[in-house]
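Undergrad: Quick one: the structure is below, questions incoming.
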Amino acid sequence: MSVSINVTVAGNGSSKPVDVSVNGVCIPRDDIVREMQHHPADKPAAAWLEAAQALVVRELLLQRAAALGLTPEPLTADGRRETDDEALMRAVIEREVAVPEPDEATCRRYYDNNIGRFRSSDIYEASHILFAALPADQVAYAQARTDAEAVLAALRDNPHSFAALARAHSRCPSASQGGNLGQLTADQVTPEFAEALEAMAPGDISAAPVATRYGFHIIELARKHDGRTLPFEAVAERIADYLRDSVMHRAQAQYIARLVSAARIDGIALAGAAEHYVN
């Protein structure tokens, strides 16, 4: 169970580590130091604070478990068994944090309001001729552009020669297949390549060489298969899981905030607008 709370060290914002206690129970400095390995930060003081705040919330949950008279019942998942403390903290959350199950109407409302998230990607069937050069090598990059423009001019005269020109000039492994890249989605190529594909119609050859970090490309788009909006039934379970996790996250945060407000915590002072997260 990991925790994140925005805090400042007690005592005029000092960044020097001080003794930390929760309802009179001291959190040993050695424990905080060991916990720091799980909270990488730019500065040691920041890591110390993150470790201290994590142990503060841990102590709050364990104290609440004792008040409720809970006994640990560790679970095992993926070959790992919970520690007794982890089991107790989980039991507190399960007992005291109520999370309503999202109903179909709520899921449908989310679906309707976020319909763009449930559209499958467009699929392109494309080929290219790559004139490889790194942008940092200005001479080679300029030569690659010149070579690409010359081959593009030849393609304008004879568009059907694309595969032959790809075999002769492309510096991509796809050259042996006439530049054929097979089926692609926009997230599988560079942003510049994707932008060019999206502007093309089937049968088009790119009007100008397309510059990317790999060099210059001449692109031929053979076919485009438009994405489609997935039906609600296909994504209903995914939406329910997302909404359930989102509500649980907020409910846990509010619960931790209540525990903090009711506790006496010395050594760190919570910021006024601090947020509390339990993951």
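For the structure tokens, the naming scheme is as follows: chains receive sequential letters (A, B, ...) according to their order of presentation, residues are indexed from 1 within each chain, and ligands are indexed from 1 in presentation order.
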Identify, on the basis of only C-alpha atoms, every residue whose closest approach to region 186-190 of chain A does not exceed 9 Å; exclude the query and any residue fewer than 6 positions from it along the same chain; express the result as a list in words.
TA: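 Selected residues are Ser121, Asp122, Ile123, Tyr124, Leu197, Glu198, Thr212 and Arg213 of chain A.
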Undergrad: Just the selected residues (C-alpha atoms), exported as a PDB file, in the first residue's frame, please.
TA:
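This went into out_9.pdb:
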ATOM      1  CA  SER A 121      -7.869   3.031 -34.548  1.00  0.00           C
ATOM      2  CA  ASP A 122      -7.804   3.629 -38.282  1.00  0.00           C
ATOM      3  CA  ILE A 123      -5.681   1.007 -40.063  1.00  0.00           C
ATOM      4  CA  TYR A 124      -3.439   1.965 -42.970  1.00  0.00           C
ATOM      5  CA  LEU A 197      -0.927   9.159 -43.546  1.00  0.00           C
ATOM      6  CA  GLU A 198      -3.987  10.879 -42.090  1.00  0.00           C
ATOM      7  CA  THR A 212      11.262  12.371 -39.356  1.00  0.00           C
ATOM      8  CA  ARG A 213      14.060  11.636 -36.924  1.00  0.00           C
TER       9      ARG A 213
END
Undergrad: Identify, on the basis of only C-alpha atoms, every residue whose closest approach to region 221-227 of chain A does not exceed 9 Å; exclude the query and any residue fewer than 3 positions from it along the same chain; express the result as a ChimeraX atom specification.
TA: /A:119-128,197,200-206
Undergrad: Which polymer residues have any atom within 6 Å of an atom of region 46-51 of chain A, counting only C-alpha atoms, with same-chain residues fewer than 6 positions away left out, as a PyMOL selection string?
TA: chain A and resi 32+35-36+39-40
Undergrad: Determine the nearest neighbour of Met89 (chain A) from the options A:Ala77, A:Ala163, A:Val25, A:Ile256, counting only C-alpha atoms.
TA: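 The answer is A:Ile256, which sits nearest to Met89 (chain A).
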Undergrad: List every residue of region 180-209 of chain A that DSSP, applied to the backbone of this structure, places in strand (DSSP E), and write the result as a list in words.
TA: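 Written out, the strand (DSSP E) residues of region 180-209 of chain A are Asn180, Leu181, Gly182, Gln183 and Leu184 of chain A.
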Undergrad: Could you tell me how far CA of Asn23 (chain A) sits from CA of Pro74 (chain A), in Å to one decimal place?
TA: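 Separation between CA of Pro74 (chain A) and CA of Asn23 (chain A): 26.1 Å.
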Undergrad: Restricting the calculation to only C-alpha atoms: of A:Ala263, A:Ile219, A:Leu61, A:Ala41, which residue gets closest to Asp85 (chain A)?
TA: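 Ranking A:Ala263, A:Ile219, A:Leu61, A:Ala41 by distance to Asp85 (chain A), first place goes to A:Leu61.
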Undergrad: Mind pulling up the distance from CA of Val92 (chain A) to CA of Met248 (chain A)?
TA: 13.6 Å
Undergrad: So which one's closest to Ile239 (chain A), A:Gln252, A:Asn113, A:Gln63, A:Ser21? Using only C-alpha atoms, please.
TA: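 Using only C-alpha atoms, the shortest distance to Ile239 (chain A) belongs to A:Asn113.
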